[in-house]
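Chemist: Attaching a single structure in structure tokens format; questions to follow.
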Amino acid sequence: MQIAILEIDHNKRLIAYNDKAKALLSSTLLTLQQPFDYQAIFHLDKTQGVDELDDTIIVLNAQYYLLQKVNETSKTIFIIQPIEYLKKRLSKIHVVASQAFDIFATQSNAMQKLIAQAKAFSMQREPLLISGETGTGKDLLAYACHQYSPRGEQTFLALNCAAMPDEVVESELYGHAAGAYPGVIESKKGFFEQANGGSVLLDGIDEMSFQMQTKLLRFINDGYFRRVGDDNEVYVDVRIICATKVDLADLVEQGKFRKDLYYRLNVLSLHLPSLRERKEDIAPLTMMFVNEFADKQGIPAPYVDNEVFDYLARYSWPGNVRQLKNILYCALSQLTSTKLTVNDIELPVQTSSRISSIDNIESKTLDEMTKQFEKEILLQLYDKYPSSRKLAKRLGVSHTAIANKLRDYGMNR
């Protein structure tokens with residue numbers, strides 16, 4: 001047993017201890033029914049009382065230990081555990097891995113399917129390609145995949161490739177040797193070396209130059225690379241995760257992305273649905289962000305009026321989950337009551353010119369595309385005409401027709 005346990009009464013007299021405590025401390029210090037000078041024995045400040053002890057690091061026999069105490073009615077219990085033992089135990093308990101995807105709201109079928117795919121793909125070694133509109137949480141999904149994978153305890157690093165000069169991207173990813181650049185007198189390890197055994201996220205891979213794409217393809221193929229200004233090859237074992245907000249296949253067709261790199265990256269691909277495609281997740285996301293805000297501020301979470309969920313679900317969310325979080329944080333920071341209502345939330349004004357493009361047009365029939373376009377129009381007008389009668393009048397159709405469409409698209413209040 002690795003845990004030492006001692007018990008003292010309210011008069012600070014030792015009343016019990018186990019064999020591990022006897023082995024850890026001198027027997028002359030462990031006399032039952034005698035005063036136990038815990039401050040001297042644990043090398044604590046003389047002014048530090050029992051009530052102030054809570055997860056304190058102490059040194060005994062030149063080793064670090066975690067000292068904890070439990071207060072009971074008639075006694076105080078000291079629990080002493082070696083730090084190295086705790087590290088070894090925690091490394092065998094994959095709590096983080098099993099809960100890696102718990103940060104996502106998964107009420108919708110689309111998200112349930114995505115998370116199931118992500119868990120399966122996380123266990124592989126091949127590159128992972130994550131696509132989705134801005135604000136959908138591609139970086140969070142990448143990190144969750146890393147945590148869930150066998151590499152979860154190793155390093156995870158992320159680099160945003162957007163609008164970065166080639167020399168910066170090259171130095172950040174591959175590192176450089178001493179003298180590689182004017183004034184540089186020390187060598188530097190790049191992300192791939194720093195994350196050896198772990199994962200590296202390349203966000204905005206669609207904006208990486210052809211030259212950097214070529215070098216990345218070589219690295220993915222065999223794991224070898226050279227630091228800038230160095231002739232020696234370095235081998236590392238890193239899983240590459242790429243994220244993009246555009247369709248790489250379109251860029252390939254336009255000659256703006258290497259075809260061979262695209263097919264090398266597009267082995268395991270995940271697409272994060274937009275928030276308008278997963279309206280069922282708006283309510284749990286709202287509660288998540290409300291509670292998160294309250295925790296950060298150290299205040300009780302306000303009650304959320306049920307009308308808030310319907311109100312938020314009618315908006316099209318061009319900025320997706322990130323926009324939802326920002327709008328809620330803005331409302332909560334100005335809230336003066338214990339209840340969050342529709343009146344506290346200010347949504348951007350939508351116009352008909354902001355109708356989104358149809359998703360996955362290649363795989364949809366004309367009828368499916370027409371229905372999606374129709375739904376987008378109804379979503380945007382429903383904020384300004386928040387009843388089926390008003391909306392029907394605005395569109396010049398019967399109330400019954402609009403009511404049926406709202407019901408079919410899950411937009412009825």
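Following the order of the structure tokens, chains are lettered A, B, ..., residues in each are numbered from 1, and ligands are numbered from 1.
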Write out as number ranges by chain each polymer residue whose atoms come within 12 Å of region 10-24 of chain A, counting only C-alpha atoms; drop sequence neighbours fewer than 5 positions from it.
Modeler: A: 1-5, 29-39, 41-42, 49-51, 59-63, 65, 71-82
Chemist: Quick one: pick out all alpha helix (DSSP H) residues within region 163-212 of chain A from a backbone DSSP run and write them as a list in words.
Modeler: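 The alpha helix (DSSP H) subset of region 163-212 of chain A is Asp166, Glu167, Val168, Val169, Glu170, Ser171, Glu172, Leu173, Tyr174, Phe191, Phe192, Glu193, Gln194, Phe210, Gln211 and Met212 of chain A.
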Chemist: Store the residues of this selection in a file with all heavy atoms, as a tab-separated table (two decimals), in the first residue's frame.
Modeler:
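Generated file (part_10.tsv):
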chain	number	residue	atom	x	y	z
A	166	ASP	N	6.35	31.79	-46.08
A	166	ASP	CA	6.92	30.44	-46.15
A	166	ASP	C	8.05	30.23	-45.15
A	166	ASP	O	8.14	29.17	-44.52
A	166	ASP	CB	7.43	30.16	-47.57
A	166	ASP	CG	6.31	29.79	-48.52
A	166	ASP	OD1	5.14	29.79	-48.07
A	166	ASP	OD2	6.59	29.50	-49.69
A	167	GLU	N	8.93	31.23	-45.02
A	167	GLU	CA	10.07	31.04	-44.13
A	167	GLU	C	9.65	30.88	-42.68
A	167	GLU	O	10.29	30.16	-41.91
A	167	GLU	CB	11.06	32.21	-44.26
A	167	GLU	CG	10.49	33.59	-43.98
A	167	GLU	CD	9.98	34.28	-45.24
A	167	GLU	OE1	9.67	33.58	-46.23
A	167	GLU	OE2	9.89	35.52	-45.23
A	168	VAL	N	8.54	31.54	-42.31
A	168	VAL	CA	8.04	31.41	-40.94
A	168	VAL	C	7.43	30.02	-40.74
A	168	VAL	O	7.69	29.34	-39.74
A	168	VAL	CB	6.99	32.50	-40.63
A	168	VAL	CG1	6.40	32.29	-39.23
A	168	VAL	CG2	7.62	33.88	-40.73
A	169	VAL	N	6.60	29.58	-41.70
A	169	VAL	CA	5.99	28.26	-41.61
A	169	VAL	C	7.06	27.18	-41.56
A	169	VAL	O	7.01	26.25	-40.74
A	169	VAL	CB	5.05	28.01	-42.82
A	169	VAL	CG1	4.56	26.56	-42.82
A	169	VAL	CG2	3.88	28.97	-42.79
A	170	GLU	N	8.07	27.30	-42.42
A	170	GLU	CA	9.13	26.30	-42.48
A	170	GLU	C	9.92	26.24	-41.17
A	170	GLU	O	10.19	25.16	-40.65
A	170	GLU	CB	10.07	26.62	-43.64
A	170	GLU	CG	11.11	25.53	-43.90
A	170	GLU	CD	11.91	25.79	-45.16
A	170	GLU	OE1	11.96	26.95	-45.61
A	170	GLU	OE2	12.48	24.82	-45.70
A	171	SER	N	10.26	27.39	-40.63
A	171	SER	CA	11.01	27.43	-39.38
A	171	SER	C	10.19	26.89	-38.21
A	171	SER	O	10.70	26.16	-37.36
A	171	SER	CB	11.46	28.86	-39.09
A	171	SER	OG	12.14	28.93	-37.85
A	172	GLU	N	8.90	27.25	-38.18
A	172	GLU	CA	8.04	26.79	-37.09
A	172	GLU	C	7.84	25.28	-37.12
A	172	GLU	O	7.85	24.62	-36.08
A	172	GLU	CB	6.69	27.49	-37.14
A	172	GLU	CG	6.73	28.96	-36.76
A	172	GLU	CD	7.11	29.18	-35.32
A	172	GLU	OE1	6.65	28.41	-34.45
A	172	GLU	OE2	7.89	30.10	-35.04
A	173	LEU	N	7.67	24.73	-38.30
A	173	LEU	CA	7.38	23.30	-38.40
A	173	LEU	C	8.64	22.44	-38.31
A	173	LEU	O	8.65	21.41	-37.63
A	173	LEU	CB	6.65	22.99	-39.71
A	173	LEU	CG	5.22	23.50	-39.83
A	173	LEU	CD1	4.63	23.11	-41.17
A	173	LEU	CD2	4.35	22.96	-38.70
A	174	TYR	N	9.70	22.85	-39.00
A	174	TYR	CA	10.88	21.99	-39.12
A	174	TYR	C	12.06	22.45	-38.27
A	174	TYR	O	13.03	21.72	-38.11
A	174	TYR	CB	11.32	21.90	-40.59
A	174	TYR	CG	10.20	21.45	-41.50
A	174	TYR	CD1	9.47	22.36	-42.27
A	174	TYR	CD2	9.84	20.10	-41.58
A	174	TYR	CE1	8.43	21.95	-43.10
A	174	TYR	CE2	8.80	19.68	-42.40
A	174	TYR	CZ	8.10	20.61	-43.15
A	174	TYR	OH	7.07	20.19	-43.96
A	191	PHE	N	8.00	22.38	-34.61
A	191	PHE	CA	6.83	21.72	-34.02
A	191	PHE	C	6.91	20.20	-34.14
A	191	PHE	O	6.53	19.48	-33.22
A	191	PHE	CB	5.56	22.23	-34.70
A	191	PHE	CG	5.04	23.52	-34.13
A	191	PHE	CD1	5.89	24.41	-33.50
A	191	PHE	CD2	3.70	23.86	-34.23
A	191	PHE	CE1	5.42	25.61	-32.97
A	191	PHE	CE2	3.22	25.05	-33.71
A	191	PHE	CZ	4.08	25.92	-33.08
A	192	PHE	N	7.38	19.70	-35.29
A	192	PHE	CA	7.40	18.26	-35.49
A	192	PHE	C	8.33	17.56	-34.50
A	192	PHE	O	8.00	16.49	-34.00
A	192	PHE	CB	7.80	17.93	-36.93
A	192	PHE	CG	6.75	18.31	-37.95
A	192	PHE	CD1	7.11	18.74	-39.22
A	192	PHE	CD2	5.41	18.25	-37.65
A	192	PHE	CE1	6.16	19.09	-40.16
A	192	PHE	CE2	4.43	18.61	-38.57
A	192	PHE	CZ	4.82	19.03	-39.83
A	193	GLU	N	9.48	18.17	-34.22
A	193	GLU	CA	10.38	17.58	-33.23
A	193	GLU	C	9.82	17.73	-31.82
A	193	GLU	O	9.91	16.81	-31.00
A	193	GLU	CB	11.76	18.24	-33.31
A	193	GLU	CG	12.66	17.69	-34.39
A	193	GLU	CD	14.06	18.26	-34.30
A	193	GLU	OE1	14.31	19.30	-34.92
A	193	GLU	OE2	14.91	17.66	-33.60
A	194	GLN	N	9.27	18.89	-31.52
A	194	GLN	CA	8.73	19.12	-30.18
A	194	GLN	C	7.57	18.18	-29.87
A	194	GLN	O	7.36	17.80	-28.72
A	194	GLN	CB	8.26	20.57	-30.05
A	194	GLN	CG	9.36	21.61	-30.15
A	194	GLN	CD	8.79	23.02	-30.12
A	194	GLN	OE1	7.96	23.36	-29.27
A	194	GLN	NE2	9.21	23.87	-31.04
A	210	PHE	N	2.47	26.22	-52.36
A	210	PHE	CA	2.84	24.99	-53.06
A	210	PHE	C	4.19	24.47	-52.57
A	210	PHE	O	4.38	23.26	-52.44
A	210	PHE	CB	2.89	25.26	-54.58
A	210	PHE	CG	1.67	24.80	-55.30
A	210	PHE	CD1	0.50	25.55	-55.25
A	210	PHE	CD2	1.66	23.62	-56.01
A	210	PHE	CE1	-0.65	25.13	-55.90
A	210	PHE	CE2	0.52	23.18	-56.67
A	210	PHE	CZ	-0.64	23.94	-56.62
A	211	GLN	N	5.13	25.37	-52.31
A	211	GLN	CA	6.44	24.95	-51.86
A	211	GLN	C	6.35	24.22	-50.52
A	211	GLN	O	6.97	23.17	-50.33
A	211	GLN	CB	7.37	26.16	-51.72
A	211	GLN	CG	8.78	25.80	-51.29
A	211	GLN	CD	9.67	27.03	-51.15
A	211	GLN	OE1	9.30	28.12	-51.59
A	211	GLN	NE2	10.83	26.86	-50.54
A	212	MET	N	5.57	24.78	-49.59
A	212	MET	CA	5.41	24.14	-48.29
A	212	MET	C	4.58	22.86	-48.40
A	212	MET	O	4.79	21.91	-47.65
A	212	MET	CB	4.75	25.12	-47.30
A	212	MET	CG	5.64	26.26	-46.86
A	212	MET	SD	7.12	25.71	-45.97
A	212	MET	CE	8.36	25.79	-47.28
Chemist: Pick out the closest residue to Lys371 (chain A) from this set: A:Lys405, A:Tyr148, A:Asp9, A:Leu335. Count only C-alpha atoms.
Modeler: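 So, comparing all the options, the nearest one is A:Lys405.
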Chemist: Could you list, with a cut-off of 7 Å and counting only C-alpha atoms, the residues of region 310-339 of chain A near region 133-145 of chain A, each shown with its nearest atom pair and the distance in Å rounded to one decimal, rows sorted by chain and ascending number, as a Markdown table?
Modeler:
| residue | atom | partner | partner_atom | distance |
| --- | --- | --- | --- | --- |
| A:Gly319 | CA | A:Gly135 | CA | 5.4 |
| A:Asn320 | CA | A:Gly135 | CA | 5.1 |
| A:Val321 | CA | A:Thr136 | CA | 5.5 |
| A:Arg322 | CA | A:Gly135 | CA | 4.7 |
| A:Gln323 | CA | A:Gly135 | CA | 6.9 |
Chemist: Using only C-alpha atoms, which protein or nucleic acid residues come within 8 Å of Ser108 (chain A)? Drop anything in the same chain fewer than 6 positions from it, and give the result as a PyMOL selection string.
Modeler: chain A and resi 278-281
Chemist: From the options A:Lys189, A:Lys46, A:Lys375, A:Arg407, which residue's atoms come nearest to Ser388 (chain A), counting only C-alpha atoms?
Modeler: A:Arg407
Chemist: Excluding Ile282 (chain A) and any residue of its chain fewer than 6 positions from it, enumerate the residues within 10 Å of it, using only C-alpha atoms, and give them as number ranges by chain.
Modeler: A: 105-108, 275-276, 288, 309-310, 312-313, 321, 324
Chemist: Create the file for the chosen residues now, containing N, CA and C atoms and written as a CSV table (one decimal), in the first residue's frame.
Modeler:
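Done, and the output landed in result_17.csv:
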chain,number,residue,atom,x,y,z
A,105,ALA,N,-21.8,19.2,-27.8
A,105,ALA,CA,-23.2,18.9,-27.6
A,105,ALA,C,-23.6,17.9,-28.8
A,106,THR,N,-24.2,16.8,-28.4
A,106,THR,CA,-24.5,15.8,-29.4
A,106,THR,C,-26.0,15.3,-29.4
A,107,GLN,N,-26.9,16.3,-29.2
A,107,GLN,CA,-28.3,16.0,-29.3
A,107,GLN,C,-28.7,15.6,-30.7
A,108,SER,N,-28.1,16.3,-31.7
A,108,SER,CA,-28.4,16.1,-33.1
A,108,SER,C,-27.8,14.8,-33.7
A,275,LEU,N,-24.0,25.1,-37.5
A,275,LEU,CA,-24.9,25.1,-36.4
A,275,LEU,C,-26.4,25.1,-37.0
A,276,ARG,N,-26.6,25.6,-38.2
A,276,ARG,CA,-28.0,25.6,-38.7
A,276,ARG,C,-28.3,24.2,-39.2
A,288,MET,N,-24.5,25.1,-21.8
A,288,MET,CA,-23.1,24.9,-21.6
A,288,MET,C,-22.3,26.3,-21.4
A,309,PHE,N,-34.4,29.5,-26.2
A,309,PHE,CA,-34.0,28.4,-27.1
A,309,PHE,C,-34.7,28.5,-28.4
A,310,ASP,N,-36.0,28.8,-28.4
A,310,ASP,CA,-36.7,28.9,-29.7
A,310,ASP,C,-36.2,30.1,-30.5
A,312,LEU,N,-33.2,31.5,-30.3
A,312,LEU,CA,-31.9,31.3,-30.9
A,312,LEU,C,-31.9,30.3,-32.1
A,313,ALA,N,-32.9,29.4,-32.0
A,313,ALA,CA,-33.0,28.3,-33.0
A,313,ALA,C,-33.4,28.9,-34.4
A,321,VAL,N,-20.9,28.0,-33.9
A,321,VAL,CA,-20.9,27.9,-32.4
A,321,VAL,C,-20.1,29.0,-31.8
A,324,LEU,N,-22.5,31.9,-31.4
A,324,LEU,CA,-23.4,31.7,-30.4
A,324,LEU,C,-22.8,32.0,-29.0
Chemist: From a backbone DSSP assignment, name each residue in region 6-167 of chain A labelled strand (DSSP E), as a ChimeraX atom specification.
Modeler: /A:6-9,14-17,56-60,63-71,75-82,128-132,156-160
